[in-house]
$ cat my_file-v4.txt   # compact mmCIF, C-alpha atoms (C1' of nucleotides)
# COMPACT_ATOMS: atom_id res chain seq x y z
CA MET A 1 118.20 93.52 103.16
CA ALA A 2 115.03 92.56 101.34
CA ARG A 3 111.87 94.54 101.01
CA ALA A 4 109.79 95.09 104.14
CA ALA A 5 107.31 92.36 104.96
CA THR A 6 103.79 92.89 103.68
CA THR A 7 102.66 92.31 107.22
CA ALA A 8 104.84 95.11 108.47
CA ASP A 9 102.11 97.71 108.16
CA ALA A 10 98.98 98.70 106.29
CA PHE A 11 100.95 100.47 103.57
CA ASN A 12 102.66 97.25 102.56
CA ALA A 13 99.56 95.12 102.95
CA VAL A 14 97.59 97.39 100.67
CA ALA A 15 100.27 97.66 98.00
CA GLU A 16 98.91 94.43 96.54
CA PRO A 17 95.92 95.10 94.24
CA ARG A 18 94.18 91.84 95.15
CA ARG A 19 94.16 92.81 98.77
CA ARG A 20 92.65 96.19 98.01
CA GLN A 21 90.05 94.36 96.01
CA ILE A 22 89.29 92.12 98.96
CA LEU A 23 88.83 95.13 101.20
CA ASP A 24 86.58 96.74 98.63
CA VAL A 25 84.37 93.66 98.61
CA LEU A 26 84.31 93.46 102.40
CA ALA A 27 83.28 97.10 102.51
CA GLY A 28 79.94 95.78 101.30
CA GLY A 29 79.60 93.50 104.30
CA GLU A 30 80.84 90.31 105.90
CA ARG A 31 81.86 87.51 103.52
CA ALA A 32 82.94 83.90 103.68
CA VAL A 33 86.22 82.91 102.06
CA ASN A 34 84.50 81.06 99.26
CA ASP A 35 82.44 84.10 98.38
CA LEU A 36 85.66 86.02 97.94
CA VAL A 37 87.11 83.21 95.86
CA GLY A 38 84.13 83.52 93.55
CA VAL A 39 84.25 87.29 93.30
CA LEU A 40 88.00 87.57 92.84
CA GLY A 41 88.49 84.59 90.57
CA LEU A 42 91.53 83.52 92.55
CA ALA A 43 92.39 80.08 93.92
CA GLN A 44 91.22 79.46 97.46
CA PRO A 45 94.68 79.13 99.04
CA GLN A 46 95.73 82.46 97.58
CA VAL A 47 92.68 84.16 99.01
CA SER A 48 93.35 82.64 102.42
CA LYS A 49 96.91 83.90 102.24
CA HIS A 50 95.87 87.42 101.36
CA LEU A 51 93.33 87.36 104.15
CA ARG A 52 96.03 86.35 106.55
CA VAL A 53 98.12 89.34 105.62
CA LEU A 54 95.14 91.61 106.04
CA ARG A 55 94.45 90.02 109.41
CA GLU A 56 98.00 90.56 110.57
CA VAL A 57 97.82 94.28 109.95
CA GLY A 58 94.39 94.43 111.50
CA ALA A 59 92.53 95.41 108.36
CA VAL A 60 90.05 92.55 108.73
CA ASP A 61 88.48 90.59 111.56
CA VAL A 62 87.24 87.01 111.47
CA ARG A 63 84.31 85.22 112.97
CA ASP A 64 83.55 81.51 112.91
CA GLU A 65 80.19 80.47 111.62
CA GLY A 66 79.84 76.73 111.37
CA ARG A 67 82.43 75.54 108.94
CA GLN A 68 82.74 78.91 107.35
CA ARG A 69 84.88 81.80 108.42
CA LEU A 70 83.31 85.17 107.92
CA TYR A 71 85.64 88.08 107.35
CA ARG A 72 84.72 91.68 107.85
CA LEU A 73 86.42 94.97 107.24
CA ASN A 74 88.18 96.92 109.94
CA GLY A 75 88.82 100.22 108.21
CA GLN A 76 90.53 101.69 111.24
CA ALA A 77 93.74 100.00 110.13
CA LEU A 78 93.73 102.17 107.03
CA LYS A 79 93.63 105.41 108.94
CA PRO A 80 97.43 105.87 108.94
CA ILE A 81 97.37 105.75 105.16
CA HIS A 82 94.63 108.32 104.96
CA ASP A 83 96.35 110.52 107.50
CA TRP A 84 99.55 110.46 105.54
CA VAL A 85 98.17 110.99 102.07
CA LYS A 86 95.58 113.62 102.91
CA ASP A 87 98.28 116.22 103.49
CA TYR A 88 99.17 115.92 99.82
CA GLU A 89 95.66 116.57 98.65
CA ARG A 90 96.36 120.27 98.38
CA THR A 91 98.97 119.59 95.72
CA TRP A 92 96.34 118.54 93.23
CA ALA A 93 93.11 120.04 94.51
CA GLU A 94 92.70 123.62 93.43
CA ARG A 95 89.73 123.81 95.71
CA PHE A 96 92.19 124.21 98.55
CA ASP A 97 93.59 127.36 97.04
CA GLN A 98 90.09 128.71 96.84
CA LEU A 99 89.43 127.66 100.41
CA ASP A 100 92.58 129.46 101.47
CA ALA A 101 91.31 132.58 99.75
CA VAL A 102 88.01 132.36 101.55
CA LEU A 103 89.69 131.91 104.90
CA GLU A 104 91.91 134.88 104.23
CA ASP A 105 88.84 136.89 103.45
CA LEU A 106 87.11 135.88 106.65
CA LYS A 107 90.15 136.72 108.66
CA ARG A 108 90.31 140.16 107.12
CA LYS A 109 86.67 140.87 107.82
CA GLU A 110 87.10 139.75 111.38
CA GLN A 111 89.90 142.22 111.87
CA ASP A 112 87.86 145.02 110.40
CA ALA A 113 84.99 144.30 112.75
CA MET B 1 105.62 85.02 90.88
CA ALA B 2 107.32 87.53 93.06
CA ARG B 3 105.85 90.59 94.63
CA ALA B 4 104.89 93.44 92.29
CA ALA B 5 107.67 95.86 91.42
CA THR B 6 107.90 98.97 93.56
CA THR B 7 107.76 100.90 90.33
CA ALA B 8 104.46 99.30 89.37
CA ASP B 9 102.39 102.06 90.93
CA ALA B 10 102.26 104.68 93.65
CA PHE B 11 100.91 102.20 96.20
CA ASN B 12 104.02 100.06 95.93
CA ALA B 13 106.39 102.99 95.72
CA VAL B 14 105.00 104.48 98.90
CA ALA B 15 105.01 101.25 100.87
CA GLU B 16 108.64 101.97 101.73
CA PRO B 17 108.92 104.30 104.75
CA ARG B 18 112.07 105.98 103.47
CA ARG B 19 110.30 106.98 100.30
CA ARG B 20 107.43 108.49 102.24
CA GLN B 21 110.01 110.37 104.23
CA ILE B 22 111.58 111.69 101.05
CA LEU B 23 108.22 112.91 99.83
CA ASP B 24 107.57 114.55 103.17
CA VAL B 25 110.82 116.46 102.89
CA LEU B 26 110.15 117.45 99.28
CA ALA B 27 106.75 118.73 100.35
CA GLY B 28 108.77 121.56 101.91
CA GLY B 29 110.30 122.46 98.57
CA GLU B 30 112.83 121.46 95.96
CA ARG B 31 115.95 119.69 97.24
CA ALA B 32 119.25 118.43 95.90
CA VAL B 33 120.15 114.79 96.42
CA ASN B 34 122.82 115.62 98.96
CA ASP B 35 120.36 117.60 101.03
CA LEU B 36 118.18 114.53 101.24
CA VAL B 37 121.18 112.40 102.15
CA GLY B 38 121.81 114.73 105.06
CA VAL B 39 118.23 114.82 106.24
CA LEU B 40 117.56 111.11 105.92
CA GLY B 41 120.90 109.84 107.18
CA LEU B 42 121.06 107.34 104.36
CA ALA B 43 123.95 106.63 102.01
CA GLN B 44 123.85 108.58 98.77
CA PRO B 45 123.34 105.60 96.45
CA GLN B 46 120.33 104.47 98.46
CA VAL B 47 118.78 107.89 98.21
CA SER B 48 119.36 107.97 94.46
CA LYS B 49 117.73 104.58 94.16
CA HIS B 50 114.68 105.62 96.12
CA LEU B 51 114.43 108.77 94.05
CA ARG B 52 114.52 106.69 90.94
CA VAL B 53 111.55 104.65 92.09
CA LEU B 54 109.65 107.80 92.95
CA ARG B 55 110.51 109.20 89.54
CA GLU B 56 109.25 106.10 87.77
CA VAL B 57 105.83 106.38 89.35
CA GLY B 58 105.78 110.10 88.70
CA ALA B 59 105.81 111.17 92.33
CA VAL B 60 108.81 113.46 91.82
CA ASP B 61 110.25 115.53 89.00
CA VAL B 62 113.89 116.43 88.44
CA ARG B 63 115.65 119.50 87.21
CA ASP B 64 119.34 119.94 86.47
CA GLU B 65 121.09 122.82 88.14
CA GLY B 66 124.79 122.78 87.40
CA ARG B 67 126.16 119.57 88.82
CA GLN B 68 123.24 119.15 91.15
CA ARG B 69 119.92 117.55 90.45
CA LEU B 70 117.00 119.19 92.16
CA TYR B 71 114.02 117.01 92.94
CA ARG B 72 110.57 118.31 93.61
CA LEU B 73 107.30 116.75 94.65
CA ASN B 74 104.56 115.87 92.22
CA GLY B 75 101.70 115.06 94.54
CA GLN B 76 99.36 114.29 91.69
CA ALA B 77 100.83 110.78 91.56
CA LEU B 78 99.45 110.17 95.05
CA LYS B 79 95.88 110.99 94.09
CA PRO B 80 94.95 107.35 93.34
CA ILE B 81 95.94 106.43 96.88
CA HIS B 82 93.86 109.20 98.36
CA ASP B 83 90.93 108.36 96.12
CA TRP B 84 91.01 104.76 97.23
CA VAL B 85 91.47 105.26 100.92
CA LYS B 86 89.11 108.17 101.41
CA ASP B 87 86.10 105.90 100.93
CA TYR B 88 87.13 104.08 104.07
CA GLU B 89 87.24 107.21 106.16
CA ARG B 90 83.63 106.72 107.22
CA THR B 91 84.57 103.46 108.93
CA TRP B 92 86.52 105.26 111.61
CA ALA B 93 85.22 108.82 111.57
CA GLU B 94 82.12 109.19 113.67
CA ARG B 95 81.77 112.64 112.26
CA PHE B 96 80.33 111.02 109.19
CA ASP B 97 77.50 109.45 111.13
CA GLN B 98 76.70 112.83 112.54
CA LEU B 99 76.90 114.36 109.11
CA ASP B 100 74.50 111.73 107.85
CA ALA B 101 72.11 112.63 110.63
CA VAL B 102 72.28 116.30 109.73
CA LEU B 103 71.64 115.56 106.09
CA GLU B 104 68.67 113.41 107.02
CA ASP B 105 67.34 116.25 109.08
CA LEU B 106 67.72 118.72 106.27
CA LYS B 107 65.99 116.42 103.87
CA ARG B 108 63.07 116.00 106.23
CA LYS B 109 62.70 119.74 106.74
CA GLU B 110 62.77 120.25 103.01
CA GLN B 111 59.92 117.83 102.54
CA ASP B 112 57.88 119.53 105.25
CA ALA B 113 58.34 122.89 103.60
C1' DT C 1 82.48 56.31 111.74
C1' DT C 2 82.72 57.87 107.12
C1' DG C 3 82.42 61.28 103.79
C1' DA C 4 81.81 65.85 102.06
C1' DC C 5 82.63 70.62 102.59
C1' DA C 6 85.26 75.07 103.96
C1' DT C 7 89.52 76.92 105.02
C1' DA C 8 94.43 77.11 106.37
C1' DT C 9 99.08 75.68 105.89
C1' DT C 10 103.16 73.71 103.70
C1' DC C 11 106.44 73.23 100.04
C1' DC C 12 108.33 74.85 95.76
C1' DT C 13 109.95 78.36 92.47
C1' DA C 14 110.87 82.67 90.05
C1' DT C 15 111.48 87.25 91.04
C1' DA C 16 112.20 91.75 93.03
C1' DT C 17 113.92 93.95 96.23
C1' DG C 18 117.02 97.31 99.71
C1' DG C 19 121.30 98.05 101.69
C1' DG C 20 126.56 98.08 101.19
C1' DT C 21 130.48 99.03 98.34
C1' DA C 22 132.85 100.25 94.27
C1' DT C 23 132.69 102.64 90.29
C1' DA C 24 131.06 105.21 86.17
C1' DC C 25 129.42 109.64 84.40
C1' DG C 26 128.72 114.65 83.86
C1' DA C 27 129.69 119.36 85.17
C1' DT C 28 132.88 122.75 87.30
C1' DT C 29 137.09 124.58 88.72
C1' DC C 30 142.01 125.03 88.60
C1' DG D 1 143.85 118.35 80.75
C1' DA D 2 143.58 117.08 85.72
C1' DA D 3 141.42 117.05 90.06
C1' DT D 4 136.97 117.39 92.34
C1' DC D 5 132.27 117.53 93.38
C1' DG D 6 127.43 115.60 92.88
C1' DT D 7 124.80 111.69 91.24
C1' DA D 8 123.63 107.50 89.12
C1' DT D 9 124.53 102.79 88.19
C1' DA D 10 126.48 98.05 88.69
C1' DC D 11 127.23 94.16 91.44
C1' DC D 12 126.60 91.16 95.47
C1' DC D 13 123.72 89.17 99.11
C1' DA D 14 119.98 88.03 102.30
C1' DT D 15 115.18 88.06 102.40
C1' DA D 16 110.29 88.08 101.45
C1' DT D 17 107.21 87.45 98.58
C1' DA D 18 102.83 85.60 95.29
C1' DG D 19 101.09 81.98 92.84
C1' DG D 20 100.54 76.79 92.04
C1' DA D 21 99.80 72.23 93.89
C1' DA D 22 99.22 69.10 97.54
C1' DT D 23 97.83 68.38 101.99
C1' DA D 24 96.39 69.22 106.83
C1' DT D 25 92.68 70.79 109.92
C1' DG D 26 88.09 71.48 111.45
C1' DT D 27 83.01 71.04 111.04
C1' DC D 28 78.77 69.15 109.79
C1' DA D 29 75.86 65.41 107.71
C1' DA D 30 74.40 60.60 106.99

$ encode --input "my_file-v4.txt" --output "structure tokens"
Amino acid sequence: MARAATTADAFNAVAEPRRRQILDVLAGGERAVNDLVGVLGLAQPQVSKHLRVLREVGAVDVRDEGRQRLYRLNGQALKPIHDWVKDYERTWAERFDQLDAVLEDLKRKEQDA
Amino acid sequence: MARAATTADAFNAVAEPRRRQILDVLAGGERAVNDLVGVLGLAQPQVSKHLRVLREVGAVDVRDEGRQRLYRLNGQALKPIHDWVKDYERTWAERFDQLDAVLEDLKRKEQDA
DNA sequence: TTGACATATTCCTATATGGGTATACGATTC
DNA sequence: GAATCGTATACCCATATAGGAATATGTCAA
């Protein structure tokens, strides 16, 4: 079997750096395809193809405006990624250990009261 | 050009569901390869291959223990993913709008004082 | 209608899988 | 040293790219 399709889910769609870049640009607001071509320095067909992938996983929405197509971010599609990775935050953030300590402290005081 | 190698970075490594599953299991503590084989229901070579990818992006560390090899999580490698995706959290979390409102309020009160 | 502009799709190619199976390698036990 | 256990690697195959180039599609202007 080959690798999973990039359109299979947000994880695969976002594994490509160019697509993350596109989302980063769209985070600043709606953009036409040509704008993205200019910003990314990619050929137009490639940009359209990346946008298609992002569309298929729901990470972007499109709107027709004359002969342009305006794309905009739909961050909701990235929530599964955030949900998955946030549980690992404690493995590198010492703050969490400190937070744990504080919570322990509060719990103790509550019992004493 | 083909798709980027899964060993190129954490984003690509984690795009494969099985590998996320492996990390999830390792989050519970160090495990031998055979343990993972049992939990995941995959053939041993496949598990070894996935572990190799995770090793190459630094998401897991290995330790020899007799004839076993014990793998353990190294969440630090996932930090870039978290750092990237967390900026999008505001696009789906209404809480942030509310937080913004609170901050605005505080700022205003501070000026009045 | 004709032409220019904006975008999407098609075709081609090199490459990197991910799973299945067989096998090599290293450590342990007999 | 031989048999065995635990893992890693090699090899094969079907599949899905991602980029490049050419072209199709759709819209607006003259």

$ atom_distance --input "my_file-v4.txt" --atom1 "atom CA of B:Ile22" --atom2 "atom C1' of D:DA8"
17.5 Å

$ residues_around --input "my_file-v4.txt" --residues "D:DG26" --least-positions-apart "3" --cutoff "10 Å" --atoms "all atoms listed in the file" --output "PDB file with C-alpha atoms (C1' of nucleotides), in the frame of the given file"
ATOM      1  CA  GLY A  66      79.840  76.730 111.370  1.00  0.00           C
ATOM      2  CA  ARG A  67      82.430  75.540 108.940  1.00  0.00           C
TER       3      ARG A  67
ATOM      4  C1'  DA C   6      85.260  75.070 103.960  1.00  0.00           C
ATOM      5  C1'  DT C   7      89.520  76.920 105.020  1.00  0.00           C
ATOM      6  C1'  DA C   8      94.430  77.110 106.370  1.00  0.00           C
TER       7       DA C   8
END

$ atom_distance --input "my_file-v4.txt" --atom1 "atom C1' of C:DT29" --atom2 "atom CA of B:Gln68"
15.1 Å

$ atom_distance --input "my_file-v4.txt" --atom1 "atom CA of B:Gln46" --atom2 "atom CA of B:Lys79"
25.7 Å

$ interface_residues --input "my_file-v4.txt" --of "chain A" --to "chain B" --cutoff "7 Å" --atoms "all atoms listed in the file" --output "list in words"
Phe11, Asn12, Ala15, Gly75, Gln76, His82, Val85, Lys86, Tyr88, Thr91 and Trp92 of chain A

$ interface_residues --input "my_file-v4.txt" --of "chain C" --to "chain A" --cutoff "12 Å" --atoms "only C-alpha atoms (C1' of nucleotides)" --output "list in words"
DA4, DC5, DA6, DT7, DA8, DT9, DT10, DA16, DT17, DG18, DG19 and DG20 of chain C

$ closest_atom_pairs --input "my_file-v4.txt" --of "chain D" --to "chain A" --cutoff "12 Å" --atoms "all atoms listed in the file" --output "CSV"
residue,atom,partner,partner_atom,distance
D:DC12,C1',A:Met1,CA,11.6
D:DC13,C1',A:Met1,CA,8.1
D:DA14,C1',A:Met1,CA,5.8
D:DT15,C1',A:Ala2,CA,4.6
D:DA16,C1',A:Ala5,CA,6.3
D:DT17,C1',A:Ala5,CA,8.1
D:DA18,C1',A:Gln46,CA,8.1
D:DG19,C1',A:Gln46,CA,7.2
D:DG20,C1',A:Ala43,CA,9.0
D:DA21,C1',A:Pro45,CA,10.0
D:DA22,C1',A:Pro45,CA,11.1
D:DT23,C1',A:Pro45,CA,11.6
D:DT25,C1',A:Arg67,CA,11.3
D:DG26,C1',A:Arg67,CA,7.4
D:DT27,C1',A:Arg67,CA,5.0
D:DC28,C1',A:Arg67,CA,7.4

$ axis_aligned_box --input "my_file-v4.txt" --around "stretch 48-64 of chain A" --padding-each-side "8 Å" --output "JSON"
{"center_x": 90.8, "center_y": 88.5, "center_z": 107.2, "size_x": 30.6, "size_y": 29.9, "size_z": 27.6}

$ residues_around --input "my_file-v4.txt" --residues "C:DC30" --least-positions-apart "2" --cutoff "10 Å" --atoms "all atoms listed in the file" --output "PyMOL selection string"
(chain C and resi 28) or (chain D and resi 2-4)

$ decode --input "my_file-v4.txt" --residues "chain B" --atoms "C-alpha atoms" --output "mmCIF file, in the first residue's frame"
data_model
loop_
_atom_site.group_PDB
_atom_site.id
_atom_site.type_symbol
_atom_site.label_atom_id
_atom_site.label_comp_id
_atom_site.auth_asym_id
_atom_site.auth_seq_id
_atom_site.Cartn_x
_atom_site.Cartn_y
_atom_site.Cartn_z
ATOM 1 C CA MET B 1 9.253 15.502 -7.439
ATOM 2 C CA ALA B 2 7.610 13.147 -5.050
ATOM 3 C CA ARG B 3 6.084 13.928 -1.720
ATOM 4 C CA ALA B 4 8.460 14.913 1.075
ATOM 5 C CA ALA B 5 9.985 12.058 3.031
ATOM 6 C CA THR B 6 8.191 11.062 6.211
ATOM 7 C CA THR B 7 11.502 11.529 7.940
ATOM 8 C CA ALA B 8 11.758 15.117 6.747
ATOM 9 C CA ASP B 9 10.123 16.526 9.860
ATOM 10 C CA ALA B 10 7.652 15.846 12.633
ATOM 11 C CA PHE B 11 4.708 17.019 10.525
ATOM 12 C CA ASN B 12 5.311 14.298 7.969
ATOM 13 C CA ALA B 13 6.155 11.653 10.526
ATOM 14 C CA VAL B 14 2.933 12.266 12.392
ATOM 15 C CA ALA B 15 0.716 12.317 9.319
ATOM 16 C CA GLU B 16 0.535 8.529 9.579
ATOM 17 C CA PRO B 17 -2.184 7.438 12.041
ATOM 18 C CA ARG B 18 -0.259 4.374 13.181
ATOM 19 C CA ARG B 19 2.639 6.535 14.221
ATOM 20 C CA ARG B 20 0.395 8.810 16.225
ATOM 21 C CA GLN B 21 -0.972 5.707 17.858
ATOM 22 C CA ILE B 22 2.525 4.568 18.746
ATOM 23 C CA LEU B 23 3.269 7.912 20.338
ATOM 24 C CA ASP B 24 0.019 7.749 22.260
ATOM 25 C CA VAL B 25 0.997 4.395 23.682
ATOM 26 C CA LEU B 26 4.510 5.556 24.521
ATOM 27 C CA ALA B 27 3.005 8.528 26.328
ATOM 28 C CA GLY B 28 2.051 5.926 28.939
ATOM 29 C CA GLY B 29 5.659 4.904 29.410
ATOM 30 C CA GLU B 30 8.563 3.016 27.914
ATOM 31 C CA ARG B 31 7.674 -0.031 25.811
ATOM 32 C CA ALA B 32 9.424 -2.857 24.029
ATOM 33 C CA VAL B 33 8.752 -3.372 20.340
ATOM 34 C CA ASN B 34 6.772 -6.532 20.950
ATOM 35 C CA ASP B 35 4.495 -4.747 23.379
ATOM 36 C CA LEU B 36 3.672 -2.261 20.657
ATOM 37 C CA VAL B 37 3.091 -5.090 18.198
ATOM 38 C CA GLY B 38 0.535 -6.502 20.590
ATOM 39 C CA VAL B 39 -1.213 -3.225 21.246
ATOM 40 C CA LEU B 40 -1.326 -2.054 17.652
ATOM 41 C CA GLY B 41 -2.112 -5.375 16.021
ATOM 42 C CA LEU B 42 0.474 -4.731 13.341
ATOM 43 C CA ALA B 43 3.195 -7.048 12.104
ATOM 44 C CA GLN B 44 6.532 -6.629 13.844
ATOM 45 C CA PRO B 45 8.473 -5.352 10.819
ATOM 46 C CA GLN B 46 5.900 -2.623 10.246
ATOM 47 C CA VAL B 47 6.180 -1.488 13.825
ATOM 48 C CA SER B 48 9.967 -1.410 13.582
ATOM 49 C CA LYS B 49 9.706 0.661 10.440
ATOM 50 C CA HIS B 50 7.358 3.165 12.012
ATOM 51 C CA LEU B 51 9.624 3.377 15.027
ATOM 52 C CA ARG B 52 12.519 4.098 12.767
ATOM 53 C CA VAL B 53 10.720 7.051 11.233
ATOM 54 C CA LEU B 54 9.823 8.362 14.662
ATOM 55 C CA ARG B 55 13.437 7.945 15.714
ATOM 56 C CA GLU B 56 14.709 9.871 12.709
ATOM 57 C CA VAL B 57 12.610 12.897 13.554
ATOM 58 C CA GLY B 58 13.560 12.600 17.201
ATOM 59 C CA ALA B 59 10.082 11.798 18.482
ATOM 60 C CA VAL B 60 11.279 8.676 20.303
ATOM 61 C CA ASP B 61 14.462 7.506 21.974
ATOM 62 C CA VAL B 62 15.697 3.936 22.326
ATOM 63 C CA ARG B 63 17.463 2.045 25.043
ATOM 64 C CA ASP B 64 18.835 -1.475 24.918
ATOM 65 C CA GLU B 65 17.730 -3.840 27.627
ATOM 66 C CA GLY B 66 19.063 -7.323 27.041
ATOM 67 C CA ARG B 67 17.619 -8.506 23.768
ATOM 68 C CA GLN B 68 14.812 -6.014 23.898
ATOM 69 C CA ARG B 69 14.813 -2.443 22.727
ATOM 70 C CA LEU B 70 12.795 -0.096 24.863
ATOM 71 C CA TYR B 71 11.341 2.947 23.157
ATOM 72 C CA ARG B 72 10.225 6.036 24.962
ATOM 73 C CA LEU B 73 8.530 9.237 23.935
ATOM 74 C CA ASN B 74 10.388 12.448 23.287
ATOM 75 C CA GLY B 75 7.562 14.937 23.033
ATOM 76 C CA GLN B 76 9.914 17.825 22.411
ATOM 77 C CA ALA B 77 9.987 16.849 18.736
ATOM 78 C CA LEU B 78 6.273 17.661 18.538
ATOM 79 C CA LYS B 79 6.691 21.207 19.776
ATOM 80 C CA PRO B 80 6.964 22.707 16.260
ATOM 81 C CA ILE B 81 3.576 21.231 15.435
ATOM 82 C CA HIS B 82 2.016 22.653 18.550
ATOM 83 C CA ASP B 83 3.656 26.011 17.985
ATOM 84 C CA TRP B 84 2.278 26.187 14.486
ATOM 85 C CA VAL B 85 -1.236 25.032 15.146
ATOM 86 C CA LYS B 86 -1.862 26.889 18.379
ATOM 87 C CA ASP B 87 -2.080 30.189 16.522
ATOM 88 C CA TYR B 88 -5.148 28.867 14.773
ATOM 89 C CA GLU B 89 -6.914 27.997 17.983
ATOM 90 C CA ARG B 90 -8.598 31.397 18.068
ATOM 91 C CA THR B 91 -10.400 30.584 14.823
ATOM 92 C CA TRP B 92 -12.561 27.984 16.497
ATOM 93 C CA ALA B 93 -12.426 28.816 20.192
ATOM 94 C CA GLU B 94 -14.977 31.428 21.112
ATOM 95 C CA ARG B 95 -13.358 31.587 24.491
ATOM 96 C CA PHE B 96 -10.720 33.741 22.888
ATOM 97 C CA ASP B 97 -13.221 36.358 21.849
ATOM 98 C CA GLN B 98 -14.453 36.463 25.391
ATOM 99 C CA LEU B 99 -10.920 36.688 26.663
ATOM 100 C CA ASP B 100 -10.301 39.581 24.316
ATOM 101 C CA ALA B 101 -13.357 41.313 25.708
ATOM 102 C CA VAL B 102 -12.135 40.847 29.250
ATOM 103 C CA LEU B 103 -8.724 42.201 28.387
ATOM 104 C CA GLU B 104 -10.318 45.205 26.724
ATOM 105 C CA ASP B 105 -12.311 45.786 29.843
ATOM 106 C CA LEU B 106 -9.286 45.600 32.059
ATOM 107 C CA LYS B 107 -7.410 48.004 29.876
ATOM 108 C CA ARG B 108 -10.240 50.488 30.003
ATOM 109 C CA LYS B 109 -10.486 50.293 33.788
ATOM 110 C CA GLU B 110 -6.767 50.819 34.046
ATOM 111 C CA GLN B 111 -6.989 53.983 32.020
ATOM 112 C CA ASP B 112 -9.838 55.288 34.143
ATOM 113 C CA ALA B 113 -7.861 54.714 37.307
#
